[in-house]
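Next up, work_21.txt (compact mmCIF, C-alpha atoms and all ligand atoms):
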```txt
# COMPACT_ATOMS: atom_id res chain seq x y z
CA MET A 1 71.24 100.48 112.00
CA LYS A 2 74.32 98.68 110.71
CA LEU A 3 77.13 100.93 109.48
CA ALA A 4 79.87 99.96 107.01
CA VAL A 5 83.14 101.92 107.25
CA LEU A 6 85.30 101.44 104.15
CA GLY A 7 89.01 102.19 104.63
CA ALA A 8 90.91 101.21 107.76
CA GLY A 9 93.47 103.97 108.06
CA ALA A 10 93.60 106.22 111.12
CA TRP A 11 90.34 108.03 110.41
CA GLY A 12 88.24 105.08 109.24
CA THR A 13 89.33 103.14 112.31
CA ALA A 14 88.58 106.03 114.69
CA LEU A 15 85.12 106.59 113.20
CA ALA A 16 84.35 102.88 113.31
CA ILE A 17 85.33 102.74 117.00
CA ARG A 18 83.28 105.85 117.85
CA PHE A 19 80.14 104.92 115.92
CA ALA A 20 80.25 101.42 117.46
CA ASP A 21 79.20 103.16 120.71
CA ARG A 22 75.64 103.16 119.32
CA GLN A 23 75.57 101.01 116.14
CA SER A 24 76.84 97.72 114.88
CA VAL A 25 79.80 98.59 112.64
CA THR A 26 81.82 96.63 110.07
CA LEU A 27 85.22 98.05 109.15
CA TRP A 28 86.57 97.07 105.71
CA SER A 29 90.18 97.15 104.55
CA ARG A 30 91.54 96.13 101.15
CA GLU A 31 94.71 94.82 102.86
CA VAL A 32 94.35 91.10 103.70
CA ASP A 33 97.26 91.05 106.15
CA GLN A 34 96.03 94.13 107.94
CA VAL A 35 92.59 92.58 108.42
CA ALA A 36 94.15 89.40 109.83
CA HIS A 37 96.21 91.47 112.29
CA MET A 38 93.22 93.58 113.34
CA GLN A 39 91.09 90.46 113.90
CA LYS A 40 93.85 88.84 115.98
CA ASP A 41 94.91 91.93 117.97
CA GLY A 42 91.55 93.69 118.38
CA LEU A 43 93.13 96.96 117.28
CA ASN A 44 94.75 98.63 114.26
CA GLU A 45 98.43 98.59 115.19
CA ARG A 46 99.63 100.00 111.85
CA TYR A 47 97.40 103.08 111.53
CA LEU A 48 95.89 103.77 114.98
CA PRO A 49 97.75 101.99 117.78
CA ASN A 50 96.49 102.16 121.41
CA ALA A 51 92.81 102.24 120.39
CA PRO A 52 91.22 98.85 121.23
CA PHE A 53 88.12 97.81 119.27
CA PRO A 54 84.79 97.56 121.10
CA PRO A 55 82.87 94.25 120.78
CA GLN A 56 80.30 95.73 118.32
CA LEU A 57 83.07 96.34 115.75
CA ALA A 58 83.69 93.64 113.13
CA VAL A 59 86.51 93.72 110.57
CA THR A 60 86.47 92.21 107.10
CA HIS A 61 88.37 92.06 103.85
CA SER A 62 85.18 91.34 101.87
CA LEU A 63 83.47 94.47 100.58
CA ALA A 64 80.28 92.49 99.91
CA ASP A 65 80.18 91.29 103.54
CA ALA A 66 80.94 94.79 104.84
CA ILE A 67 77.98 96.40 103.07
CA ASP A 68 75.56 93.49 103.49
CA GLY A 69 72.54 94.88 105.40
CA ALA A 70 74.21 98.26 105.98
CA GLY A 71 71.86 101.24 106.42
CA LEU A 72 74.71 103.68 105.76
CA ILE A 73 78.15 103.39 104.14
CA LEU A 74 81.01 105.65 105.14
CA ILE A 75 83.97 105.86 102.70
CA VAL A 76 87.15 106.82 104.56
CA THR A 77 89.86 105.98 102.04
CA PRO A 78 92.23 108.71 100.88
CA MET A 79 90.80 110.85 98.04
CA SER A 80 92.75 108.66 95.59
CA GLY A 81 90.61 105.67 96.61
CA LEU A 82 87.18 107.33 96.42
CA ARG A 83 86.41 106.66 92.74
CA GLY A 84 87.53 103.01 92.85
CA THR A 85 85.53 102.36 96.00
CA LEU A 86 82.40 103.93 94.50
CA LYS A 87 82.87 101.82 91.35
CA SER A 88 83.12 98.67 93.47
CA LEU A 89 79.95 99.62 95.35
CA ALA A 90 78.11 100.15 92.06
CA GLU A 91 79.32 96.75 90.78
CA LEU A 92 77.90 95.14 93.93
CA GLY A 93 74.53 96.83 93.26
CA ASN A 94 74.66 98.92 96.43
CA SER A 95 71.59 101.02 97.17
CA ALA A 96 72.45 102.18 100.71
CA PRO A 97 73.19 105.89 101.29
CA VAL A 98 76.87 106.85 101.16
CA LEU A 99 78.89 109.42 103.10
CA TRP A 100 82.56 110.13 102.41
CA ALA A 101 85.19 111.67 104.66
CA CYS A 102 87.94 112.02 102.02
CA LYS A 103 89.44 115.52 102.04
CA GLY A 104 90.81 116.80 98.74
CA LEU A 105 90.37 117.37 95.03
CA GLU A 106 90.89 114.31 92.85
CA ALA A 107 94.39 114.25 91.36
CA GLY A 108 94.35 114.84 87.62
CA THR A 109 90.66 115.84 87.35
CA MET A 110 90.38 118.69 89.90
CA LEU A 111 87.01 117.20 90.90
CA LEU A 112 85.49 117.57 94.36
CA PRO A 113 84.32 114.32 96.01
CA HIS A 114 80.63 114.91 95.22
CA GLN A 115 81.52 115.44 91.54
CA VAL A 116 83.34 112.10 91.50
CA ALA A 117 80.25 110.57 93.12
CA GLU A 118 78.03 112.10 90.43
CA GLN A 119 80.06 110.16 87.85
CA GLU A 120 80.19 106.86 89.74
CA MET A 121 76.92 106.56 91.74
CA PRO A 122 73.37 105.96 90.55
CA ALA A 123 71.50 109.26 90.89
CA HIS A 124 68.84 107.96 93.30
CA ILE A 125 71.27 107.03 96.11
CA ALA A 126 71.51 109.61 98.91
CA ARG A 127 75.02 110.94 99.52
CA GLY A 128 77.02 113.51 101.46
CA MET A 129 80.25 114.32 103.29
CA LEU A 130 81.43 114.14 106.91
CA SER A 131 84.03 116.82 107.62
CA GLY A 132 85.34 119.15 110.31
CA PRO A 133 88.09 119.48 112.92
CA SER A 134 88.69 115.91 114.06
CA PHE A 135 92.02 114.25 114.71
CA ALA A 136 91.57 110.47 114.61
CA GLN A 137 93.57 109.83 117.78
CA GLU A 138 91.36 112.15 119.86
CA VAL A 139 88.08 110.84 118.44
CA ALA A 140 89.18 107.25 119.09
CA LYS A 141 89.98 108.14 122.72
CA GLY A 142 86.45 109.50 123.19
CA LEU A 143 87.48 113.15 123.55
CA PRO A 144 84.73 115.60 122.50
CA ALA A 145 84.56 116.81 118.88
CA ALA A 146 82.05 118.37 116.51
CA VAL A 147 81.82 117.77 112.76
CA THR A 148 79.52 118.65 109.87
CA ILE A 149 77.40 116.34 107.74
CA ALA A 150 76.91 118.09 104.39
CA ALA A 151 74.51 117.08 101.63
CA SER A 152 72.70 118.95 98.88
CA ASP A 153 69.62 117.20 100.25
CA ALA A 154 69.30 118.90 103.64
CA THR A 155 66.73 116.34 104.81
CA PHE A 156 69.25 113.54 104.28
CA ALA A 157 71.96 115.51 106.15
CA GLN A 158 69.58 116.06 109.07
CA GLN A 159 68.58 112.39 109.07
CA VAL A 160 72.23 111.31 109.33
CA VAL A 161 72.75 113.77 112.17
CA ASN A 162 69.74 112.33 114.00
CA ASP A 163 70.98 108.77 113.49
CA LEU A 164 74.65 109.25 114.40
CA ASN A 165 74.89 112.21 116.82
CA THR A 166 76.30 111.39 120.27
CA ASN A 167 77.39 113.40 123.31
CA ILE A 168 80.99 112.71 122.33
CA LEU A 169 80.85 113.32 118.58
CA ARG A 170 78.40 116.16 118.00
CA LEU A 171 77.11 116.48 114.44
CA TYR A 172 75.79 119.53 112.62
CA ALA A 173 73.92 119.43 109.28
CA SER A 174 74.73 121.61 106.27
CA ASP A 175 73.27 121.85 102.77
CA ASP A 176 76.47 123.40 101.33
CA ILE A 177 78.38 120.36 100.12
CA VAL A 178 80.55 122.46 97.79
CA GLY A 179 81.67 124.76 100.61
CA VAL A 180 82.28 121.92 103.05
CA GLU A 181 84.35 119.95 100.51
CA ILE A 182 86.40 123.03 99.62
CA GLY A 183 87.09 123.81 103.28
CA ALA A 184 88.23 120.21 103.79
CA ALA A 185 90.51 120.27 100.76
CA VAL A 186 92.14 123.69 100.94
CA LYS A 187 92.75 123.80 104.71
CA ASN A 188 95.28 121.00 104.20
CA VAL A 189 97.26 123.18 101.77
CA MET A 190 97.23 125.99 104.32
CA ALA A 191 98.38 123.57 107.04
CA ILE A 192 101.45 122.75 104.94
CA ALA A 193 102.17 126.50 104.66
CA ALA A 194 101.73 126.96 108.43
CA GLY A 195 104.10 124.04 109.07
CA VAL A 196 106.72 125.69 106.87
CA ALA A 197 106.31 129.04 108.67
CA ASP A 198 106.53 127.42 112.12
CA GLY A 199 109.43 125.23 111.03
CA LEU A 200 111.32 128.37 110.03
CA ASN A 201 110.46 129.98 113.41
CA LEU A 202 108.77 132.94 111.78
CA GLY A 203 106.71 133.56 114.91
CA LEU A 204 103.09 133.66 116.03
CA ASN A 205 102.32 136.95 114.25
CA ALA A 206 103.36 135.44 110.92
CA ARG A 207 101.24 132.34 111.52
CA ALA A 208 98.14 134.41 112.36
CA ALA A 209 98.65 136.51 109.21
CA LEU A 210 99.19 133.42 107.07
CA LEU A 211 96.05 131.68 108.33
CA THR A 212 93.90 134.80 107.97
CA ARG A 213 95.02 135.26 104.38
CA GLY A 214 94.71 131.48 103.87
CA LEU A 215 91.10 131.67 104.99
CA ALA A 216 90.55 134.46 102.44
CA GLU A 217 91.95 132.11 99.73
CA MET A 218 89.61 129.35 100.88
CA ALA A 219 86.62 131.73 100.76
CA ARG A 220 87.55 133.07 97.31
CA PHE A 221 87.88 129.56 95.91
CA CYS A 222 84.64 128.50 97.58
CA VAL A 223 82.61 131.38 96.13
CA ALA A 224 84.08 130.88 92.65
CA LEU A 225 82.99 127.22 92.68
CA GLY A 226 79.46 128.00 93.89
CA GLY A 227 79.83 127.40 97.65
CA LYS A 228 78.60 129.71 100.41
CA PRO A 229 81.23 132.06 101.91
CA GLU A 230 79.72 131.62 105.41
CA THR A 231 80.61 127.91 105.30
CA MET A 232 84.25 129.02 105.68
CA MET A 233 83.28 130.45 109.09
CA GLY A 234 82.08 127.02 110.26
CA LEU A 235 83.55 123.72 111.45
CA ALA A 236 84.58 122.59 107.96
CA GLY A 237 86.22 125.96 107.23
CA ILE A 238 87.98 127.95 109.92
CA GLY A 239 87.40 125.14 112.44
CA ASP A 240 89.40 122.58 110.50
CA LEU A 241 91.91 125.21 109.37
CA MET A 242 92.71 126.15 112.98
CA LEU A 243 93.05 122.53 114.03
CA THR A 244 95.14 121.29 111.13
CA ALA A 245 97.40 124.31 110.80
CA THR A 246 98.24 124.57 114.50
CA GLY A 247 97.85 121.02 115.87
CA ASP A 248 100.95 118.87 115.89
CA LEU A 249 98.87 115.72 115.25
CA SER A 250 98.33 116.95 111.67
CA ARG A 251 100.18 115.10 108.90
CA ASN A 252 99.85 118.08 106.54
CA ARG A 253 101.36 120.45 109.09
CA ARG A 254 104.15 117.91 109.60
CA VAL A 255 104.87 117.99 105.84
CA GLY A 256 105.56 121.73 106.18
CA LEU A 257 107.66 121.30 109.33
CA LEU A 258 109.81 118.64 107.64
CA LEU A 259 110.21 120.67 104.44
CA ALA A 260 111.42 123.57 106.60
CA GLN A 261 114.05 121.22 108.07
CA GLY A 262 115.38 120.68 104.56
CA LEU A 263 113.92 117.25 103.69
CA ASP A 264 112.82 116.81 100.07
CA LEU A 265 109.24 115.74 99.30
CA ASP A 266 110.06 112.04 98.88
CA GLY A 267 111.83 112.02 102.23
CA VAL A 268 108.92 113.81 103.87
CA LEU A 269 106.31 111.37 102.54
CA LYS A 270 108.38 108.33 103.59
CA ASN A 271 108.72 109.81 107.06
CA LEU A 272 104.95 110.32 107.47
CA GLY A 273 103.70 106.76 106.87
CA HIS A 274 100.19 108.19 106.36
CA VAL A 275 98.46 110.13 103.61
CA ALA A 276 98.96 113.92 103.41
CA GLU A 277 96.09 115.04 101.19
CA GLY A 278 97.35 118.62 100.94
CA VAL A 279 100.22 117.48 98.69
CA PRO A 280 98.26 116.24 95.63
CA THR A 281 95.42 118.68 96.36
CA ALA A 282 97.67 121.77 96.25
CA ARG A 283 98.42 121.14 92.58
CA GLU A 284 94.74 120.66 91.70
CA VAL A 285 93.62 123.75 93.63
CA LEU A 286 96.23 125.89 91.89
CA ARG A 287 95.28 124.55 88.45
CA GLN A 288 91.60 125.19 89.11
CA ALA A 289 92.32 128.68 90.51
CA GLN A 290 94.35 129.54 87.41
CA GLU A 291 91.51 128.34 85.15
CA LEU A 292 89.03 130.44 87.12
CA GLY A 293 91.36 133.46 87.28
CA ILE A 294 91.49 133.51 91.10
CA ASP A 295 94.56 134.77 92.96
CA MET A 296 95.77 132.16 95.49
CA PRO A 297 99.32 133.24 96.41
CA ILE A 298 99.77 130.94 99.42
CA THR A 299 98.66 127.90 97.42
CA ARG A 300 101.03 128.92 94.62
CA SER A 301 103.93 129.18 97.09
CA VAL A 302 103.14 125.76 98.58
CA CYS A 303 103.20 124.28 95.05
CA GLN A 304 106.53 125.91 94.31
CA VAL A 305 108.08 124.32 97.39
CA LEU A 306 106.46 120.92 96.83
CA PHE A 307 106.94 120.53 93.08
CA GLU A 308 109.45 123.10 91.81
CA ASN A 309 112.27 122.81 94.34
CA VAL A 310 111.92 126.46 95.34
CA ALA A 311 113.60 127.04 98.70
CA VAL A 312 111.21 127.59 101.62
CA SER A 313 112.97 130.84 102.55
CA ASP A 314 112.39 132.22 99.02
CA ILE A 315 108.62 131.79 99.17
CA ILE A 316 108.41 133.88 102.35
CA SER A 317 110.16 136.81 100.71
CA ASP A 318 107.96 136.35 97.61
CA LEU A 319 104.77 136.43 99.69
CA MET A 320 105.88 139.42 101.77
CA GLY A 321 107.28 141.28 98.77
CA ARG A 322 104.01 141.50 96.80
CA SER A 323 102.55 144.97 96.20
CA PRO A 324 100.38 146.31 99.04
CA LYS A 325 96.61 146.16 98.47
CA MET A 326 93.23 146.64 100.16
CA GLU A 327 92.43 143.86 102.63
CA ALA A 328 89.57 141.69 101.32
CA ALA A 329 88.27 138.73 103.32
CA VAL A 330 87.02 136.96 100.18
N1 LIG B 1 93.44 111.02 110.23
C1 LIG B 1 92.60 111.99 110.54
O1 LIG B 1 92.64 112.51 111.66
C2 LIG B 1 91.57 112.45 109.54
C3 LIG B 1 91.61 112.08 108.21
N2 LIG B 1 90.66 112.53 107.33
C4 LIG B 1 90.66 112.14 105.93
O2 LIG B 1 90.33 110.75 105.83
C5 LIG B 1 90.96 110.18 104.67
C6 LIG B 1 91.75 108.94 105.10
O3 LIG B 1 92.75 109.40 105.99
P1 LIG B 1 93.47 108.46 107.06
O4 LIG B 1 92.60 107.34 107.47
O5 LIG B 1 93.97 109.34 108.12
O6 LIG B 1 94.68 107.90 106.18
P2 LIG B 1 95.84 106.87 106.59
O7 LIG B 1 97.05 107.27 105.84
O8 LIG B 1 95.91 106.73 108.06
O9 LIG B 1 95.31 105.47 105.99
C7 LIG B 1 94.94 105.34 104.66
C8 LIG B 1 94.18 104.03 104.53
O10 LIG B 1 93.53 103.99 103.26
C9 LIG B 1 93.84 102.76 102.62
N3 LIG B 1 93.81 103.01 101.19
C10 LIG B 1 94.69 103.71 100.45
N4 LIG B 1 94.30 103.73 99.16
C11 LIG B 1 93.14 103.01 99.11
C12 LIG B 1 92.28 102.64 98.05
N5 LIG B 1 92.54 103.02 96.81
N6 LIG B 1 91.19 101.90 98.34
C13 LIG B 1 90.95 101.51 99.59
N7 LIG B 1 91.74 101.83 100.66
C14 LIG B 1 92.83 102.56 100.39
C15 LIG B 1 95.20 102.36 103.15
O11 LIG B 1 95.38 100.98 103.02
C16 LIG B 1 95.05 102.79 104.60
O12 LIG B 1 94.38 101.82 105.34
C17 LIG B 1 91.84 111.30 104.08
O13 LIG B 1 91.16 111.91 103.02
C18 LIG B 1 92.01 112.27 105.24
O14 LIG B 1 92.21 113.61 104.80
C19 LIG B 1 89.66 113.33 107.75
C20 LIG B 1 89.57 113.72 109.06
C21 LIG B 1 90.52 113.30 110.06
O1 LIG B 2 91.67 116.47 108.64
C1 LIG B 2 92.20 116.31 109.70
C2 LIG B 2 91.65 116.83 110.96
O2 LIG B 2 90.37 117.37 110.80
C3 LIG B 2 93.49 115.59 109.78
O3 LIG B 2 94.46 116.37 109.22
P1 LIG B 2 95.82 115.70 108.69
O4 LIG B 2 95.44 114.85 107.52
O5 LIG B 2 96.69 116.87 108.34
O6 LIG B 2 96.37 114.91 109.82
```

Translate the structure described by the file into structure tokens.
Amino acid sequence: MKLAVLGAGAWGTALAIRFADRQSVTLWSREVDQVAHMQKDGLNERYLPNAPFPPQLAVTHSLADAIDGAGLILIVTPMSGLRGTLKSLAELGNSAPVLWACKGLEAGTMLLPHQVAEQEMPAHIARGMLSGPSFAQEVAKGLPAAVTIAASDATFAQQVVNDLNTNILRLYASDDIVGVEIGAAVKNVMAIAAGVADGLNLGLNARAALLTRGLAEMARFCVALGGKPETMMGLAGIGDLMLTATGDLSRNRRVGLLLAQGLDLDGVLKNLGHVAEGVPTAREVLRQAQELGIDMPITRSVCQVLFENVAVSDIISDLMGRSPKMEAAV
């Protein structure tokens, strides 16, 4: 089966390299110069240096060429590019199944990726999400990882698993697309919070407490939006939360670490050079939580630091100073 990977950032490039172990893969980027460099160098110097392309990996700037004959399309743009990419696929008359790996809620609409897809894709095309604990650099190196393929149509999810599973990248199927997308989106907000806590040297106890209560926020949000609470116990929930909040390869965690050093948000984002989905997603999660009447104190604190110039030290005393209550995991 030919696979088209749309979006040549760190993650799209890593997935294209990995899946080329077993399939013929075409990697698409909207950036003409970047495509020329990748074709000349045989690697993606800008977004994923030190990861040479295998021979089965082609690179193109033409979306039509990328999807021509593809049995499966994988969208790996940032969340901000998902709608536009789906529109372009519809304009080209695409009928191949689509998976996305974008982690977040759409800025301005609060929509999850599958809700954006409902608006932009013909109803008959199979679709789902790939998510879970997976740093691009490690996957590109061929280190072992496990991720989830989620689709409302469990048969489609299982089919993708059968087609793409390898001994290096192990795939699990799930029918809880809402839960998987919420885990993917909210864990990035929690990773920013963990970066702040670690940047302030609050200690390992504080980080464990923060992540446990962060997981409770993720579960509460998930249940309120119709997802399954047990999904938060899986790869796309606690698995990705653990990785992103504690692993120094995470861009979202780095946002928190840099904020704790006193950089403002603009400075932080310039310093990263990659997307940090937790930043726009934090605002959308908080807005949605307020509409649903759900208490998400850690998300609220992250928003205050990101968008309201509240000092990082103040949010810690705010969080610790709330009235005591019964511990609830959801
Ligand atoms: N890097 C990682 O380890 C992982 C990333 N992800 C998710 O994958 C998505 C992409 O992340 P990365 O590749 O790491 O980002 P990145 O910051 O490394 O690269 C972003 C890429 O997307 C392209 N892009 C930006 N806007 C676009 C648009 N509107 N249309 C088409 N292309 C566009 C940029 O040109 C660039 O090539 C994010 O949602 C991220 O949360 C998920 C799992 C792992
Ligand atoms: O989603 C990721 C790992 O699963 C990558 O996280 P960052 O975007 O924070 O680097």

Exercise. Given a cut-off of 6 Å, what residues near ligand LIG 1 (chain B) show up using only C-alpha atoms and all ligand atoms, put as a ChimeraX atom specification?
Worked result: /A:7-12,30,47,76-81,101-103,134-136,274-275,277

Could you work out an axis-aligned box for ligand LIG 2 (chain B), taking every atom the file lists and adding 8 Å on each side, and report centre and edge lengths in Å to one decimal, as AutoDock Vina command-line options?
```
--center_x 93.5 --center_y 116.1 --center_z 109.2 --size_x 22.3 --size_y 18.5 --size_z 19.4
```

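Selecting all polymer residues at most 7 Å from ligand LIG 2 (chain B), using all atoms listed in the file, gives Gly132, Pro133, Ser134, Phe135, Asn188, Asp240, Leu243, Thr244, Leu249, Ser250, Arg251, Asn252, Arg253, Val275, Ala276 and Glu277 of chain A.
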
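Shell of Gly199 in chain A at 7 Å, with only C-alpha atoms counted and residues fewer than 6 places along the chain excluded, is Leu257, Ala260 and Gln261 of chain A.
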
Problem set entry | Long-range neighbours of Ile73 in chain A as number ranges by chain, 6 Å cut-off, all atoms listed in the file, 2 positions minimum in chain | A: 3-4, 98

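Interatomic distance, CA of Cys303 in chain A against CA of His114 in chain A: 24.4 Å.
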
Problem set entry | Counting all atoms listed in the file, the residue of A:Leu82, A:Leu6, A:Leu43, A:Leu57 that sits nearest Glu120 in chain A | A:Leu82

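Distance check against Asn309 in chain A using only C-alpha atoms: of A:Glu230, A:Asp163, A:Asp33, A:Asp264, the minimum falls on A:Asp264.
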
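We find CA of Met110 in chain A and CA of Gln288 in chain A to be spaced 6.7 Å apart.
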
For this session: Considering all atoms listed in the file, state which residue in the set A:Gln137, A:Ser95, A:Thr212, A:Asn165 is at the smallest distance from Ala51 in chain A.
Result: A:Gln137

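Relative to CA of Gln119 in chain A, CA of Phe221 in chain A is found at 22.4 Å.
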
For range 199-217 of chain A, supply N, CA and C atoms and format the output as an mmCIF file, in the coordinates of the input.
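As a result, rebuild_28.cif now contains:
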```
data_model
loop_
_atom_site.group_PDB
_atom_site.id
_atom_site.type_symbol
_atom_site.label_atom_id
_atom_site.label_comp_id
_atom_site.auth_asym_id
_atom_site.auth_seq_id
_atom_site.Cartn_x
_atom_site.Cartn_y
_atom_site.Cartn_z
ATOM 1 N N GLY A 199 108.130 125.908 111.114
ATOM 2 C CA GLY A 199 109.430 125.230 111.030
ATOM 3 C C GLY A 199 110.581 126.206 110.837
ATOM 4 N N LEU A 200 110.284 127.334 110.227
ATOM 5 C CA LEU A 200 111.320 128.370 110.030
ATOM 6 C C LEU A 200 111.355 129.354 111.198
ATOM 7 N N ASN A 201 110.534 129.085 112.238
ATOM 8 C CA ASN A 201 110.460 129.980 113.410
ATOM 9 C C ASN A 201 110.134 131.417 113.044
ATOM 10 N N LEU A 202 109.122 131.578 112.183
ATOM 11 C CA LEU A 202 108.770 132.940 111.780
ATOM 12 C C LEU A 202 107.904 133.651 112.811
ATOM 13 N N GLY A 203 107.423 132.914 113.804
ATOM 14 C CA GLY A 203 106.710 133.560 114.910
ATOM 15 C C GLY A 203 105.198 133.441 114.807
ATOM 16 N N LEU A 204 104.549 133.788 115.922
ATOM 17 C CA LEU A 204 103.090 133.660 116.030
ATOM 18 C C LEU A 204 102.369 134.705 115.195
ATOM 19 N N ASN A 205 102.955 135.906 115.077
ATOM 20 C CA ASN A 205 102.320 136.950 114.250
ATOM 21 C C ASN A 205 102.227 136.466 112.805
ATOM 22 N N ALA A 206 103.322 135.909 112.325
ATOM 23 C CA ALA A 206 103.360 135.440 110.920
ATOM 24 C C ALA A 206 102.316 134.344 110.713
ATOM 25 N N ARG A 207 102.197 133.438 111.694
ATOM 26 C CA ARG A 207 101.240 132.340 111.520
ATOM 27 C C ARG A 207 99.807 132.871 111.480
ATOM 28 N N ALA A 208 99.498 133.838 112.357
ATOM 29 C CA ALA A 208 98.140 134.410 112.360
ATOM 30 C C ALA A 208 97.859 135.092 111.018
ATOM 31 N N ALA A 209 98.842 135.818 110.498
ATOM 32 C CA ALA A 209 98.650 136.510 109.210
ATOM 33 C C ALA A 209 98.447 135.481 108.094
ATOM 34 N N LEU A 210 99.271 134.456 108.113
ATOM 35 C CA LEU A 210 99.190 133.420 107.070
ATOM 36 C C LEU A 210 97.820 132.739 107.073
ATOM 37 N N LEU A 211 97.332 132.405 108.264
ATOM 38 C CA LEU A 211 96.050 131.680 108.330
ATOM 39 C C LEU A 211 94.880 132.594 107.978
ATOM 40 N N THR A 212 94.979 133.867 108.338
ATOM 41 C CA THR A 212 93.900 134.800 107.970
ATOM 42 C C THR A 212 93.840 134.962 106.454
ATOM 43 N N ARG A 213 95.004 135.115 105.847
ATOM 44 C CA ARG A 213 95.020 135.260 104.380
ATOM 45 C C ARG A 213 94.706 133.900 103.719
ATOM 46 N N GLY A 214 95.063 132.819 104.387
ATOM 47 C CA GLY A 214 94.710 131.480 103.870
ATOM 48 C C GLY A 214 93.202 131.286 103.871
ATOM 49 N N LEU A 215 92.558 131.765 104.920
ATOM 50 C CA LEU A 215 91.100 131.670 104.990
ATOM 51 C C LEU A 215 90.471 132.487 103.858
ATOM 52 N N ALA A 216 91.068 133.639 103.550
ATOM 53 C CA ALA A 216 90.550 134.460 102.440
ATOM 54 C C ALA A 216 90.682 133.686 101.119
ATOM 55 N N GLU A 217 91.788 132.940 100.952
ATOM 56 C CA GLU A 217 91.950 132.110 99.730
ATOM 57 C C GLU A 217 90.878 131.034 99.682
#
```
